Amino acid sequence: MEPIMSSPIGGRDAKEHLEQCLHHPRKVVHEEDPLSCPENSVITGNKIRLRKKKLADARNDYNWQTDAELTRLDAVPALTIGFMQYLLDYTWELHFSSPTRHRFAVETLDGKHIGNCSYYDINETKGEAELGILIGNRDYWDKGYGTETVTTLINHIFQQTNLNRIYLKTLDSNTRAHKCFQKCDFTQYGHMARDGYNFVLMELRRKQWQEQAENRNLTGSFTTES
Ligand SMILES: CC(C)(COP(=O)(O)OP(=O)(O)OC[C@H]1O[C@@H](n2cnc3c(N)ncnc32)[C@H](O)[C@@H]1OP(=O)(O)O)[C@@H](O)C(=O)NCCC(=O)NCCS
């Protein structure tokens with residue numbers, strides 16, 4: 001299974017590419033490049049790490065996407081396909097990822113995969129992207145992992161890309177999520193109704209993030225995977 005994740009770029013080319021990434025860290029990098037900086041990096045926060053997705057995540061992801069309570073919180077229907085079909089689609093998606101989306105697994109510092117996060121619908125012209133997060137393992141709810149994940153991802157985005165605005169939507173009724181995003185300095189800017197669901201719309205702009213960052217120590221760090 002491992003070969004699907006290995007890079008077709010090797011040796012000098014790979015080294016050169018990595019050097020380029022490290023020396024131009026504020027560039028928004030595209031996923032179709034198998035050595036693009038974000039997804040080939042580990043981003044470390046105080047209690048979590050964000051790393052690239054891998055095939056071994058499939059079982060957890062399947063369990064979370066077929067869990068009706070979890071998918072309801074995300075306002076999407078639970079998946080009903082079998083695991084083998086899911087695995088086929090999953091393998092395909094890992095290999096052919098989108099240039100407008102960066103996905104990460106969230107793991108504890110001792111390597112337990114507890115959820116996922118991403119920024120997607122990346123619009124370089126508008127300088128914005130949408131943020132998504134799922135802490136799928138309930139044992140890790142209400143312990144600050146969501147806040148830490150969002151903060152680490154936001155720090156990474158504003159430090160490593162030119163994006164100026166990150167937005168998200170969450171169900172009106174999802175007070176845990178609201179609290180989590182507020183703790184990460186997101187502010188509400190509107191409401192939206194879609195498919196019978198009511199959402200709160202929230203955003204965080206680079207300027208606000210900078211102002212908040214001046215008042216606290218940034219915790220995320222950008223390191224390359226060994
Ligand atoms: C939403 C989610 C990302 C939050 O992550 P988390 O690790 O559970 O959240 P945190 O512990 O960082 O913060 C949650 C805060 O909400 C509070 N909270 C929990 N339930 C609450 C409720 N019903 N009402 C008000 N506050 C609540 C917690 O006490 C905590 O605040 P505190 O740190 O001041 O005590 C995570 O729970 C999750 O992924 N849930 C399932 C999927 C989901 O909701 N997805 C929607 C995302 S848009």
# chains A, B, ... in the order shown; residues from 1 in each chain; ligands from 1
$ residues_near_ligand --ligand "ligand 1" --cutoff "8 Å" --atoms "only C-alpha atoms and all ligand atoms" --output "ChimeraX atom specification"
/A:70-71,73-74,115,132-136,138,140-148,168-171,174-181,183
$ write_last_selection --atoms "C-alpha atoms" --output "PDB file, in the first residue's frame"
ATOM      1  CA  LEU A  70     -20.761  13.085  13.887  1.00  0.00           C
ATOM      2  CA  THR A  71     -22.025  13.697  10.365  1.00  0.00           C
ATOM      3  CA  LEU A  73     -22.890  17.893  13.560  1.00  0.00           C
ATOM      4  CA  ASP A  74     -21.292  18.573  10.195  1.00  0.00           C
ATOM      5  CA  GLY A 115      -9.299  13.778  13.697  1.00  0.00           C
ATOM      6  CA  GLY A 132     -12.817  22.537   8.254  1.00  0.00           C
ATOM      7  CA  ILE A 133     -12.177  20.472  11.372  1.00  0.00           C
ATOM      8  CA  LEU A 134     -13.342  17.212  12.864  1.00  0.00           C
ATOM      9  CA  ILE A 135     -12.154  15.749  16.127  1.00  0.00           C
ATOM     10  CA  GLY A 136     -13.695  12.345  15.433  1.00  0.00           C
ATOM     11  CA  ARG A 138     -15.009  11.669  21.310  1.00  0.00           C
ATOM     12  CA  TYR A 140     -10.727  14.022  22.971  1.00  0.00           C
ATOM     13  CA  TRP A 141     -13.685  16.418  23.005  1.00  0.00           C
ATOM     14  CA  ASP A 142     -13.763  19.349  25.428  1.00  0.00           C
ATOM     15  CA  LYS A 143     -10.083  18.961  26.264  1.00  0.00           C
ATOM     16  CA  GLY A 144      -8.769  21.762  24.096  1.00  0.00           C
ATOM     17  CA  TYR A 145      -7.702  19.601  21.126  1.00  0.00           C
ATOM     18  CA  GLY A 146     -10.069  21.364  18.720  1.00  0.00           C
ATOM     19  CA  THR A 147      -8.893  24.811  19.821  1.00  0.00           C
ATOM     20  CA  GLU A 148      -5.276  23.734  19.591  1.00  0.00           C
ATOM     21  CA  LEU A 168     -16.030  28.747   8.184  1.00  0.00           C
ATOM     22  CA  LYS A 169     -19.620  27.799   8.751  1.00  0.00           C
ATOM     23  CA  THR A 170     -21.019  25.790  11.590  1.00  0.00           C
ATOM     24  CA  LEU A 171     -24.517  24.759  12.612  1.00  0.00           C
ATOM     25  CA  ASN A 174     -23.319  23.458  17.594  1.00  0.00           C
ATOM     26  CA  THR A 175     -22.387  25.469  20.655  1.00  0.00           C
ATOM     27  CA  ARG A 176     -19.256  23.443  21.353  1.00  0.00           C
ATOM     28  CA  ALA A 177     -17.914  24.348  17.910  1.00  0.00           C
ATOM     29  CA  HIS A 178     -18.870  28.051  18.345  1.00  0.00           C
ATOM     30  CA  LYS A 179     -17.006  28.177  21.639  1.00  0.00           C
ATOM     31  CA  CYS A 180     -13.996  26.477  20.107  1.00  0.00           C
ATOM     32  CA  PHE A 181     -13.836  28.906  17.160  1.00  0.00           C
ATOM     33  CA  LYS A 183     -11.431  30.815  21.515  1.00  0.00           C
TER      34      LYS A 183
END
$ select_by_dssp --residues "range 31-170 of chain A" --states "strand (DSSP E)" --output "PyMOL selection string"
chain A and resi 41-44+48-51+102-108+113-123+128-135+165-170
$ write_last_selection --atoms "N, CA and C atoms" --output "short mmCIF file (atom, residue, chain, number, x, y, z; two decimals), in the first residue's frame"
data_model
loop_
_atom_site.label_atom_id
_atom_site.label_comp_id
_atom_site.auth_asym_id
_atom_site.auth_seq_id
_atom_site.Cartn_x
_atom_site.Cartn_y
_atom_site.Cartn_z
N SER A 41 4.77 18.28 5.20
CA SER A 41 5.38 18.82 6.41
C SER A 41 4.58 18.35 7.62
N VAL A 42 5.23 18.37 8.75
CA VAL A 42 4.53 18.13 10.00
C VAL A 42 4.48 19.47 10.72
N ILE A 43 3.29 19.85 11.14
CA ILE A 43 3.13 21.13 11.83
C ILE A 43 2.84 20.80 13.28
N THR A 44 3.68 21.29 14.15
CA THR A 44 3.58 20.87 15.55
C THR A 44 3.04 21.98 16.43
N ILE A 48 -0.83 18.78 19.78
CA ILE A 48 -1.18 18.01 18.58
C ILE A 48 -0.14 18.22 17.49
N ARG A 49 -0.18 17.30 16.52
CA ARG A 49 0.61 17.48 15.29
C ARG A 49 -0.34 17.38 14.11
N LEU A 50 -0.12 18.19 13.10
CA LEU A 50 -0.85 18.07 11.84
C LEU A 50 0.12 17.43 10.85
N ARG A 51 -0.32 16.35 10.24
CA ARG A 51 0.54 15.68 9.27
C ARG A 51 -0.26 15.32 8.04
N HIS A 102 -5.96 21.71 1.12
CA HIS A 102 -4.88 21.05 1.86
C HIS A 102 -5.51 20.36 3.07
N ARG A 103 -5.29 19.07 3.14
CA ARG A 103 -5.89 18.28 4.22
C ARG A 103 -4.79 17.76 5.15
N PHE A 104 -5.10 17.67 6.42
CA PHE A 104 -4.14 17.16 7.40
C PHE A 104 -4.85 16.20 8.35
N ALA A 105 -4.11 15.20 8.79
CA ALA A 105 -4.59 14.39 9.92
C ALA A 105 -4.16 15.12 11.19
N VAL A 106 -5.02 15.02 12.21
CA VAL A 106 -4.67 15.56 13.52
C VAL A 106 -4.28 14.39 14.39
N GLU A 107 -3.08 14.44 14.95
CA GLU A 107 -2.71 13.38 15.88
C GLU A 107 -2.15 13.97 17.17
N THR A 108 -2.27 13.17 18.23
CA THR A 108 -1.69 13.59 19.51
C THR A 108 -0.17 13.53 19.38
N HIS A 113 -4.12 9.11 15.94
CA HIS A 113 -4.93 9.86 14.98
C HIS A 113 -6.31 10.12 15.59
N ILE A 114 -6.62 11.41 15.86
CA ILE A 114 -7.88 11.72 16.57
C ILE A 114 -8.85 12.53 15.70
N GLY A 115 -8.40 12.99 14.53
CA GLY A 115 -9.30 13.78 13.70
C GLY A 115 -8.61 14.29 12.45
N ASN A 116 -9.26 15.23 11.81
CA ASN A 116 -8.73 15.80 10.56
C ASN A 116 -9.05 17.28 10.49
N CYS A 117 -8.25 17.99 9.75
CA CYS A 117 -8.60 19.39 9.47
C CYS A 117 -8.10 19.75 8.08
N SER A 118 -8.59 20.84 7.58
CA SER A 118 -8.23 21.21 6.21
C SER A 118 -8.50 22.69 5.97
N TYR A 119 -7.88 23.22 4.94
CA TYR A 119 -8.38 24.48 4.37
C TYR A 119 -8.59 24.22 2.89
N TYR A 120 -9.71 24.71 2.40
CA TYR A 120 -10.16 24.31 1.07
C TYR A 120 -10.90 25.47 0.41
N ASP A 121 -11.32 25.22 -0.84
CA ASP A 121 -11.85 26.34 -1.65
C ASP A 121 -10.86 27.50 -1.60
N ILE A 122 -9.59 27.18 -1.70
CA ILE A 122 -8.54 28.22 -1.65
C ILE A 122 -8.69 29.11 -2.88
N ASN A 123 -8.88 30.39 -2.63
CA ASN A 123 -9.02 31.36 -3.71
C ASN A 123 -7.88 32.37 -3.59
N GLU A 128 -8.45 34.03 0.18
CA GLU A 128 -9.21 33.42 1.27
C GLU A 128 -9.43 31.92 1.07
N ALA A 129 -9.79 31.28 2.14
CA ALA A 129 -10.08 29.84 2.08
C ALA A 129 -11.01 29.49 3.23
N GLU A 130 -11.69 28.35 3.09
CA GLU A 130 -12.59 27.89 4.16
C GLU A 130 -11.86 26.87 5.02
N LEU A 131 -12.16 26.87 6.30
CA LEU A 131 -11.51 25.94 7.23
C LEU A 131 -12.49 24.86 7.66
N GLY A 132 -12.00 23.64 7.76
CA GLY A 132 -12.82 22.54 8.25
C GLY A 132 -12.07 21.77 9.33
N ILE A 133 -12.82 21.27 10.31
CA ILE A 133 -12.18 20.47 11.37
C ILE A 133 -13.13 19.41 11.87
N LEU A 134 -12.58 18.27 12.19
CA LEU A 134 -13.34 17.21 12.86
C LEU A 134 -12.42 16.55 13.87
N ILE A 135 -12.80 16.62 15.15
CA ILE A 135 -12.15 15.75 16.13
C ILE A 135 -13.11 14.55 16.23
N ARG A 165 -7.73 35.86 4.67
CA ARG A 165 -9.01 35.65 5.38
C ARG A 165 -9.33 34.16 5.40
N ILE A 166 -9.67 33.67 6.59
CA ILE A 166 -10.12 32.28 6.74
C ILE A 166 -11.55 32.32 7.26
N TYR A 167 -12.43 31.60 6.64
CA TYR A 167 -13.83 31.62 7.08
C TYR A 167 -14.30 30.19 7.29
N LEU A 168 -15.45 30.07 7.95
CA LEU A 168 -16.03 28.75 8.18
C LEU A 168 -17.51 28.89 8.44
N LYS A 169 -18.21 27.79 8.36
CA LYS A 169 -19.62 27.80 8.75
C LYS A 169 -19.84 26.62 9.69
N THR A 170 -20.71 26.85 10.64
CA THR A 170 -21.02 25.79 11.59
C THR A 170 -22.49 25.88 11.98
#
$ closest_residue --among "A:Asn137, A:Ile154, A:Gln210, A:Ala75" --to "Asn198 in chain A" --atoms "only C-alpha atoms"
A:Ala75
$ atom_distance --atom1 "CA of Ala78 in chain A" --atom2 "CA of Gln65 in chain A"
5.8 Å
$ atom_distance --atom1 "CA of Asn63 in chain A" --atom2 "CA of Pro77 in chain A"
13.4 Å
$ residues_around --residues "range 82-84 of chain A" --least-positions-apart "6" --cutoff "9 Å" --atoms "only C-alpha atoms" --output "ChimeraX atom specification"
/A:58-59,62
$ residues_around --residues "Lys207 in chain A" --least-positions-apart "6" --cutoff "10 Å" --atoms "only C-alpha atoms" --output "MDAnalysis selection string"
chainID A and resid 158 164:165 213
$ write_last_selection --atoms "C-alpha atoms" --output "mmCIF file, in the first residue's frame"
data_model
loop_
_atom_site.group_PDB
_atom_site.id
_atom_site.type_symbol
_atom_site.label_atom_id
_atom_site.label_comp_id
_atom_site.auth_asym_id
_atom_site.auth_seq_id
_atom_site.Cartn_x
_atom_site.Cartn_y
_atom_site.Cartn_z
ATOM 1 C CA PHE A 158 -0.996 33.001 7.991
ATOM 2 C CA ASN A 164 -5.688 37.069 4.284
ATOM 3 C CA ARG A 165 -9.006 35.653 5.380
ATOM 4 C CA ALA A 213 -0.494 37.172 17.921
#
$ select_by_dssp --residues "range 41-218 of chain A" --states "alpha helix (DSSP H)" --output "ChimeraX atom specification"
/A:58-65,68-73,83-95,145-160,175-183,206-214
$ write_last_selection --atoms "C-alpha atoms" --output "CSV table (one decimal), in the first residue's frame"
chain,number,residue,atom,x,y,z
A,58,ALA,CA,-8.8,5.2,6.3
A,59,ARG,CA,-10.4,3.0,9.0
A,60,ASN,CA,-10.8,5.9,11.4
A,61,ASP,CA,-12.1,8.2,8.7
A,62,TYR,CA,-14.6,5.6,7.6
A,63,ASN,CA,-15.8,5.1,11.1
A,64,TRP,CA,-16.3,8.8,11.6
A,65,GLN,CA,-18.0,9.4,8.2
A,68,ALA,CA,-24.6,9.5,12.2
A,69,GLU,CA,-24.1,11.8,15.2
A,70,LEU,CA,-20.8,13.1,13.9
A,71,THR,CA,-22.0,13.7,10.4
A,72,ARG,CA,-25.1,15.4,11.7
A,73,LEU,CA,-22.9,17.9,13.6
A,83,PHE,CA,-15.4,-0.2,3.7
A,84,MET,CA,-13.9,-1.8,0.6
A,85,GLN,CA,-15.5,0.7,-1.7
A,86,TYR,CA,-14.5,3.5,0.6
A,87,LEU,CA,-10.9,2.3,0.6
A,88,LEU,CA,-10.8,2.3,-3.2
A,89,ASP,CA,-12.1,5.9,-3.4
A,90,TYR,CA,-9.8,6.9,-0.5
A,91,THR,CA,-6.7,5.5,-2.3
A,92,TRP,CA,-7.7,7.4,-5.4
A,93,GLU,CA,-8.2,10.6,-3.5
A,94,LEU,CA,-4.9,10.3,-1.7
A,95,HIS,CA,-3.1,10.0,-5.0
A,145,TYR,CA,-7.7,19.6,21.1
A,146,GLY,CA,-10.1,21.4,18.7
A,147,THR,CA,-8.9,24.8,19.8
A,148,GLU,CA,-5.3,23.7,19.6
A,149,THR,CA,-5.8,22.2,16.1
A,150,VAL,CA,-7.5,25.3,14.7
A,151,THR,CA,-4.9,27.7,16.3
A,152,THR,CA,-2.1,25.6,14.9
A,153,LEU,CA,-3.6,25.4,11.4
A,154,ILE,CA,-4.4,29.2,11.4
A,155,ASN,CA,-0.9,30.0,12.5
A,156,HIS,CA,0.5,27.8,9.7
A,157,ILE,CA,-1.8,29.4,7.1
A,158,PHE,CA,-1.0,33.0,8.0
A,159,GLN,CA,2.7,32.3,8.4
A,160,GLN,CA,3.2,30.2,5.3
A,175,THR,CA,-22.4,25.5,20.7
A,176,ARG,CA,-19.3,23.4,21.4
A,177,ALA,CA,-17.9,24.3,17.9
A,178,HIS,CA,-18.9,28.1,18.3
A,179,LYS,CA,-17.0,28.2,21.6
A,180,CYS,CA,-14.0,26.5,20.1
A,181,PHE,CA,-13.8,28.9,17.2
A,182,GLN,CA,-14.4,31.9,19.4
A,183,LYS,CA,-11.4,30.8,21.5
A,206,ARG,CA,-4.9,38.2,9.0
A,207,LYS,CA,-5.0,41.7,10.6
A,208,GLN,CA,-7.0,40.4,13.6
A,209,TRP,CA,-4.7,37.3,13.8
A,210,GLN,CA,-1.6,39.6,13.8
A,211,GLU,CA,-3.1,41.8,16.6
A,212,GLN,CA,-3.9,38.7,18.7
A,213,ALA,CA,-0.5,37.2,17.9
A,214,GLU,CA,1.2,40.3,19.3
$ atom_distance --atom1 "CA of Leu201 in chain A" --atom2 "CA of Ser173 in chain A"
12.5 Å
$ closest_residue --among "A:Leu55, A:Cys184, A:Val200, A:Ile81" --to "Asp172 in chain A" --atoms "only C-alpha atoms"
A:Val200
